[in-house]
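What follows is a set of notes on a single structure, which appears directly below.
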There are 2 protein chains.
Amino acid sequence: MTQASIITIGDELLIGQVIDTNSAWMAQQLNKAGIRVCRRVAVGDVWEEIWTALDEESKHADIILITGGLGPTADDITKPLLCKYFNGKLVVDEAALKNVNYLFELVFKRPVTDRNIKQAEVPDTCKVIQNKRGTAPGMWFEKEGKVYMSMPGVPHEMKGMMTDDVIPMLGRQFQFPHIAHRTLLTFGIGESMLADLLVDFEAALPAHIKMAYLPNYGMVRLRLTSTGVDKVAVENEVDTLFQQLQELVKDYLVTNEDEPMQDVVAKLLQRSNKTVSTAESCTGGYIASLITAKAGSSAYYNGSVVSYSYQAKEDLLGVDKNTLQTLGAVSEQVVIQMAKGALNALHTDYTIAVSGIMGPGGGTDDKPAGTVWVAVGNNEKISTHKFHFRFDRQRNIELTAMNALNLLRKFIIAQQP
Amino acid sequence: MTQASIITIGDELLIGQVIDTNSAWMAQQLNKAGIRVCRRVAVGDVWEEIWTALDEESKHADIILITGGLGPTADDITKPLLCKYFNGKLVVDEAALKNVNYLFELVFKRPVTDRNIKQAEVPDTCKVIQNKRGTAPGMWFEKEGKVYMSMPGVPHEMKGMMTDDVIPMLGRQFQFPHIAHRTLLTFGIGESMLADLLVDFEAALPAHIKMAYLPNYGMVRLRLTSTGVDKVAVENEVDTLFQQLQELVKDYLVTNEDEPMQDVVAKLLQRSNKTVSTAESCTGGYIASLITAKAGSSAYYNGSVVSYSYQAKEDLLGVDKNTLQTLGAVSEQVVIQMAKGALNALHTDYTIAVSGIMGPGGGTDDKPAGTVWVAVGNNEKISTHKFHFRFDRQRNIELTAMNALNLLRKFIIAQQP
């Protein structure tokens, strides 16, 4: 099977100043195309370390994809290094130069500098892949049957180049087997208990099919992966097993697609032509941002009142001042009133209301940090739940959002005939 | 200089199903402690590939940190592999077993299974590092002067173990030089123009000080890194150079600390004892979630109206129906009315209002996807700006948020005497 290795270059990756989202995206695309990614390596802007990484990864993989280090500044050394590594000399690529001039004159509307023009230089031993979204061109090298493809590190430039050119070119160069993935999402069961439930199923899986457990935020994603040459046979076999798997976990099953919780809720709303709103205190707009990250969400989402203060809860959601003062903002009565207020103010079929203490500060003896009340419902019925999370602020916010969306999901399903 | 390599294990990293945030965090902590991370490698749940990674990384680094593959399920093979790699045999660790029993009985409130008990087994050739946040213990191995530390992949478990035990233990085992970083953030100048501005400064830097350009979302972060044995000398030298750098970029300088834009705004508000609110259409609560991600934000943030529908704009922010119908939601008049509405409804000193088309759909000839209006202001003055972004939805949302926060930052500074 054709194997790929991804090398990402940049000191910022090694001091943790940025999170590497590029190589996850690249891995997804390669996998879909039938190429197994066997390794991902990050190295700094250091000549010998990049050189060694090229040497080593060419032993592990047939395709070496490289991102980063192509910028116009002194810390970007990938291009001269590749030039030397592949015994070339730098020459101006006319199409790349035209692109640099076009971008500066018509898009960025800034004068072109010598530094920018240098971006159009490439080693004469590579095939140039034009960058339609930025100034640094891609470079495709071949050596001893292996392909080395260098791309800019700017995510949208790299993504465009991969989709438009690199994946199709790899497809023409190599013979790929078929890879099939099936993913489902469970909620409310731990990894160990799930593994116990699936022990016989897992033991009976054929050797070319792997199952992985991917736990996150109270959920466990299960993934079946099968590889083979005959596409139809691979897909049929994995479909049959995936059916069995769904049946085994049916009490915990959220979705049998590789999609986040918020998209499951979105589909339920779209199918039933219903709308939702949110009233968020402790999640501070995070649930709203998850829902609206999806294009077209305005069809079923009217908005949120992020009521971070008592006054906002009273003024915008009609929460009773007396309830707030006697029971506190983190109470069942307040989330019920918030939910009713959001249904009323935002005119939706369903709503989610959350109020809690995300920490690290703000907790008390009877309401420690991590205490959260969630209400979901419609004009007929409001259902409430209390949670005690015990993590850091970010994780508590994420868990609150996921649990609230899951409660709404179950509420909507329970409403359906 | 002591070098570390981070190995992350899991097929999910190689098919791009999860983004590796662990190794960025680990790299940050190691760097702060004076340990240079020279490589980060991700490999799948494949015996030979993990084995090879251990062999190879021990050639590159003195410290090899390993995360992932310690779960209770069949795809988790790291523990038996490490046991074999370090010539040990699996034995039950009594403290780890006690911890598993404690977690299941008192925290998870679920019965302990055999699978969970197996989590307490460790190779007898390691030093066991107890996991206070989960069931899988950490394992510290030493071989030929190198340290190998295996930790669980669950982020909060790994983070706790690193902070409580691993970093202090490494500090006792190795002699570290001093590493100093200074980071500043610029807005409104491209990487190339910045490099031109700094060409003399960069050329004059001593060899042991590196400067890196980290561009992202219309901003460029600049980082100076210095290494040496004498802490005071290292700090003083880098401080002097950092002062010069700040002076050179002063027209674009947002902050001279390594902090996000929203934290700069938060500090300005806290220092002047002022409050802010948001009225978000196209960003759908994302600006609110950025502000409230920070503990203590309720001191200066009252909330947001996420007005995703026309009706929400009218009802909650008092936007005029006629203005919406004649000029459309993405117009200067509407964001001005949204800003005034938010100041009024949320009773804050300042506000941010945004309305735009984030794409990919929803654009028209005169308002293509990426068109955004932003208003920032207070009760005396509202300032508006129109933007044309040309990226994908996620990037357009991020750019809108960053530009809106930057406009508010400038507005607040302009208000100050």
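Order determines the names: the first chain of the structure tokens is A, the second B, and so forth; residues in each chain are numbered 1 upward, and ligands are numbered 1 upward as they are shown.
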Worksheet item: Among stretch 91-296 of chain A, which residues carry a DSSP assignment of strand (DSSP E), reported as a PyMOL selection string?
Response: chain A and resi 91-92+121-123+127-129+138-143+146-151+178-187+209-216+219-228+253-255+276-280
Worksheet entry | Close residues, stretch 322-330 of chain A itself excluded, 8 Å, only C-alpha atoms, min 2 positions apart in chain, as an NGL selection string | :A and (310 or 319-320 or 332-335 or 355-357 or 371-373)
Can you check which parts of chain B lie within 7 Å of chain A? Per residue, the shortest pair of atoms and distance in Å to one decimal, counting only C-alpha atoms, sorted by chain and number, as a tab-separated table.
residue	atom	partner	partner_atom	distance
B:Leu13	CA	A:Ala24	CA	6.7
B:Leu14	CA	A:Val37	CA	5.6
B:Ile15	CA	A:Ala27	CA	5.0
B:Gly16	CA	A:Ala24	CA	3.9
B:Val18	CA	A:Ala24	CA	6.9
B:Ile19	CA	A:Ala24	CA	5.8
B:Asp20	CA	A:Asp20	CA	7.0
B:Thr21	CA	A:Ile19	CA	6.1
B:Ala24	CA	A:Gly16	CA	3.9
B:Trp25	CA	A:Gly16	CA	5.8
B:Ala27	CA	A:Gly16	CA	4.9
B:Gln28	CA	A:Gly16	CA	4.8
B:Asn31	CA	A:Ile15	CA	6.1
B:Val37	CA	A:Leu14	CA	5.6
B:Cys38	CA	A:Val43	CA	6.3
B:Arg39	CA	A:Val43	CA	5.0
B:Arg40	CA	A:Ala42	CA	4.9
B:Val41	CA	A:Val41	CA	4.4
B:Ala42	CA	A:Arg40	CA	4.9
B:Val43	CA	A:Arg39	CA	5.0
B:Gly44	CA	A:Cys38	CA	6.7
B:Pro72	CA	A:Ser192	CA	6.0
B:Thr73	CA	A:Ala195	CA	6.1
B:Asp75	CA	A:Ala212	CA	6.1
B:Arg115	CA	A:Ser192	CA	6.6
B:Asn116	CA	A:Ser192	CA	6.8
B:Ser192	CA	A:Pro72	CA	6.0
B:Ala195	CA	A:Thr73	CA	6.1
B:Ala212	CA	A:Asp75	CA	6.2
B:Gly284	CA	A:Ser289	CA	5.1
B:Gly285	CA	A:Gly285	CA	4.5
B:Tyr286	CA	A:Ser289	CA	4.9
B:Ala288	CA	A:Gly285	CA	5.3
B:Ser289	CA	A:Gly285	CA	4.9
B:Thr292	CA	A:Gly284	CA	5.5
B:Ala293	CA	A:Gln394	CA	6.9
B:Ala295	CA	A:Gly359	CA	6.9
B:Ser298	CA	A:Tyr308	CA	6.3
B:Tyr301	CA	A:Tyr308	CA	7.0
B:Asn302	CA	A:Tyr308	CA	5.0
B:Gly303	CA	A:Tyr308	CA	4.7
B:Ser304	CA	A:Val306	CA	4.8
B:Val305	CA	A:Val305	CA	5.0
B:Val306	CA	A:Ser304	CA	4.7
B:Ser307	CA	A:Gly303	CA	5.0
B:Tyr308	CA	A:Gly303	CA	4.7
B:Ser309	CA	A:Asn302	CA	5.0
B:Ala312	CA	A:Leu346	CA	6.0
B:Leu346	CA	A:Ala312	CA	6.0
B:Gly359	CA	A:Ala295	CA	6.9
B:Gln394	CA	A:Ala293	CA	6.9
Worksheet item: Can you list, as a ChimeraX atom specification, every residue of stretch 40-267 of chain A that DSSP puts in helix (DSSP H, G or I)?
Response: /A:47-60,78-85,94-108,114-118,155-173,191-197,199-203,231-248,261-267
Practice prompt. Would you mind reading off the distance between atom CA of A:Leu343 and atom CA of A:Glu380, one decimal, in Å?
Written response: 10.8 Å
Worksheet entry | Spatial neighbours of B:Lys250, 12 Å, only C-alpha atoms, chain gap at least 4 places, as JSON, numbers by chain | {"B": [184, 185, 186, 187, 188, 189, 194, 197, 242, 243, 244, 245, 246, 254, 255, 256]}
Output C-alpha atoms of each residue in that selection to a file, as a compact mmCIF listing (two decimals), in the first residue's frame.
# COMPACT_ATOMS: atom_id res chain seq x y z
CA LEU B 184 4.70 40.90 20.22
CA LEU B 185 1.63 41.11 18.03
CA THR B 186 1.17 43.41 15.04
CA PHE B 187 -2.01 44.12 13.10
CA GLY B 188 -2.43 45.67 9.67
CA ILE B 189 0.95 44.97 8.10
CA LEU B 194 7.30 43.82 8.15
CA LEU B 197 10.97 47.22 7.92
CA PHE B 242 12.86 43.62 22.31
CA GLN B 243 12.64 47.32 23.20
CA GLN B 244 14.25 48.18 19.86
CA LEU B 245 11.89 45.86 18.03
CA GLN B 246 8.82 47.41 19.66
CA VAL B 254 -1.10 45.52 19.46
CA THR B 255 0.65 43.99 22.47
CA ASN B 256 4.16 43.18 23.65
Would you tabulate, counting only C-alpha atoms, all residues of stretch 96-204 of chain A that have an atom at most 12 Å from an atom of stretch 78-85 of chain A, showing the closest pair of atoms and their distance in Å to one decimal, sorted by chain then ascending number, as CSV?
residue,atom,partner,partner_atom,distance
A:Lys118,CA,A:Lys79,CA,10.7
A:Gln119,CA,A:Lys79,CA,9.5
A:Ala120,CA,A:Lys79,CA,11.0
A:Glu121,CA,A:Lys79,CA,8.9
A:Val122,CA,A:Lys79,CA,7.4
A:Pro123,CA,A:Cys83,CA,5.0
A:Asp124,CA,A:Cys83,CA,8.0
A:Thr125,CA,A:Cys83,CA,7.6
A:Cys126,CA,A:Cys83,CA,8.6
A:Ala136,CA,A:Lys79,CA,9.9
A:Pro137,CA,A:Lys79,CA,10.2
A:Gly138,CA,A:Lys79,CA,10.0
A:Met139,CA,A:Lys79,CA,9.0
A:Trp140,CA,A:Leu82,CA,10.3
A:Phe141,CA,A:Leu82,CA,9.0
A:Glu142,CA,A:Tyr85,CA,11.4
A:Lys143,CA,A:Tyr85,CA,10.3
A:Tyr148,CA,A:Leu82,CA,9.6
A:Met149,CA,A:Leu82,CA,10.2
A:Ser150,CA,A:Thr78,CA,8.5
A:Met151,CA,A:Thr78,CA,9.9
A:Pro152,CA,A:Thr78,CA,9.9
A:Gly153,CA,A:Thr78,CA,11.0
Hey, can you spit out that residue selection with C-alpha atoms as a short mmCIF file (atom, residue, chain, number, x, y, z; two decimals), in the first residue's frame?
data_model
loop_
_atom_site.label_atom_id
_atom_site.label_comp_id
_atom_site.auth_asym_id
_atom_site.auth_seq_id
_atom_site.Cartn_x
_atom_site.Cartn_y
_atom_site.Cartn_z
CA LYS A 118 11.86 36.32 -4.79
CA GLN A 119 8.77 34.24 -3.95
CA ALA A 120 8.54 33.49 -7.68
CA GLU A 121 11.95 31.77 -7.68
CA VAL A 122 11.95 27.96 -7.72
CA PRO A 123 14.58 25.22 -8.07
CA ASP A 124 14.91 24.22 -11.74
CA THR A 125 14.65 20.56 -10.72
CA CYS A 126 10.99 20.77 -9.65
CA ALA A 136 4.61 31.02 -2.64
CA PRO A 137 4.35 28.38 -5.40
CA GLY A 138 4.26 24.66 -4.69
CA MET A 139 7.18 22.45 -5.74
CA TRP A 140 6.92 18.82 -6.85
CA PHE A 141 10.16 16.80 -6.89
CA GLU A 142 10.77 13.18 -7.84
CA LYS A 143 13.76 11.11 -6.76
CA TYR A 148 8.29 15.10 -2.53
CA MET A 149 5.75 17.90 -2.61
CA SER A 150 6.46 21.19 -0.86
CA MET A 151 3.53 23.50 -0.10
CA PRO A 152 3.06 26.78 1.77
CA GLY A 153 2.07 26.54 5.45
#
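Restricting the calculation to only C-alpha atoms, the smallest distance between B:Met261 and any of B:Asn406, B:Gln415, B:Thr2, B:Asn131 is found for B:Asn406.
The coordinates place atom CA of A:Ile336 at 9.1 Å from atom CA of A:Gly377.
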Worksheet item: For the atom pair atom CA of A:Asn101 and atom CA of B:Met219, what is the interatomic distance in Å to one decimal place?
Response: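 Taking atom CA of A:Asn101 as the start and atom CA of B:Met219 as the end point, the length is 22.2 Å.
Neighbouring residues of B:Leu405 at 8 Å or closer, counting only C-alpha atoms and skipping chain neighbours under 6 positions away, are Met261, Gln262, Val265 and Ile352 of chain B.
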Worksheet item: In terms of the shortest atom-to-atom distance over only C-alpha atoms, which of A:Arg172, A:Ala369, A:Thr351, A:Met158 is closest to A:Gly68?
Response: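 For A:Gly68, the nearest of the given residues is A:Met158.
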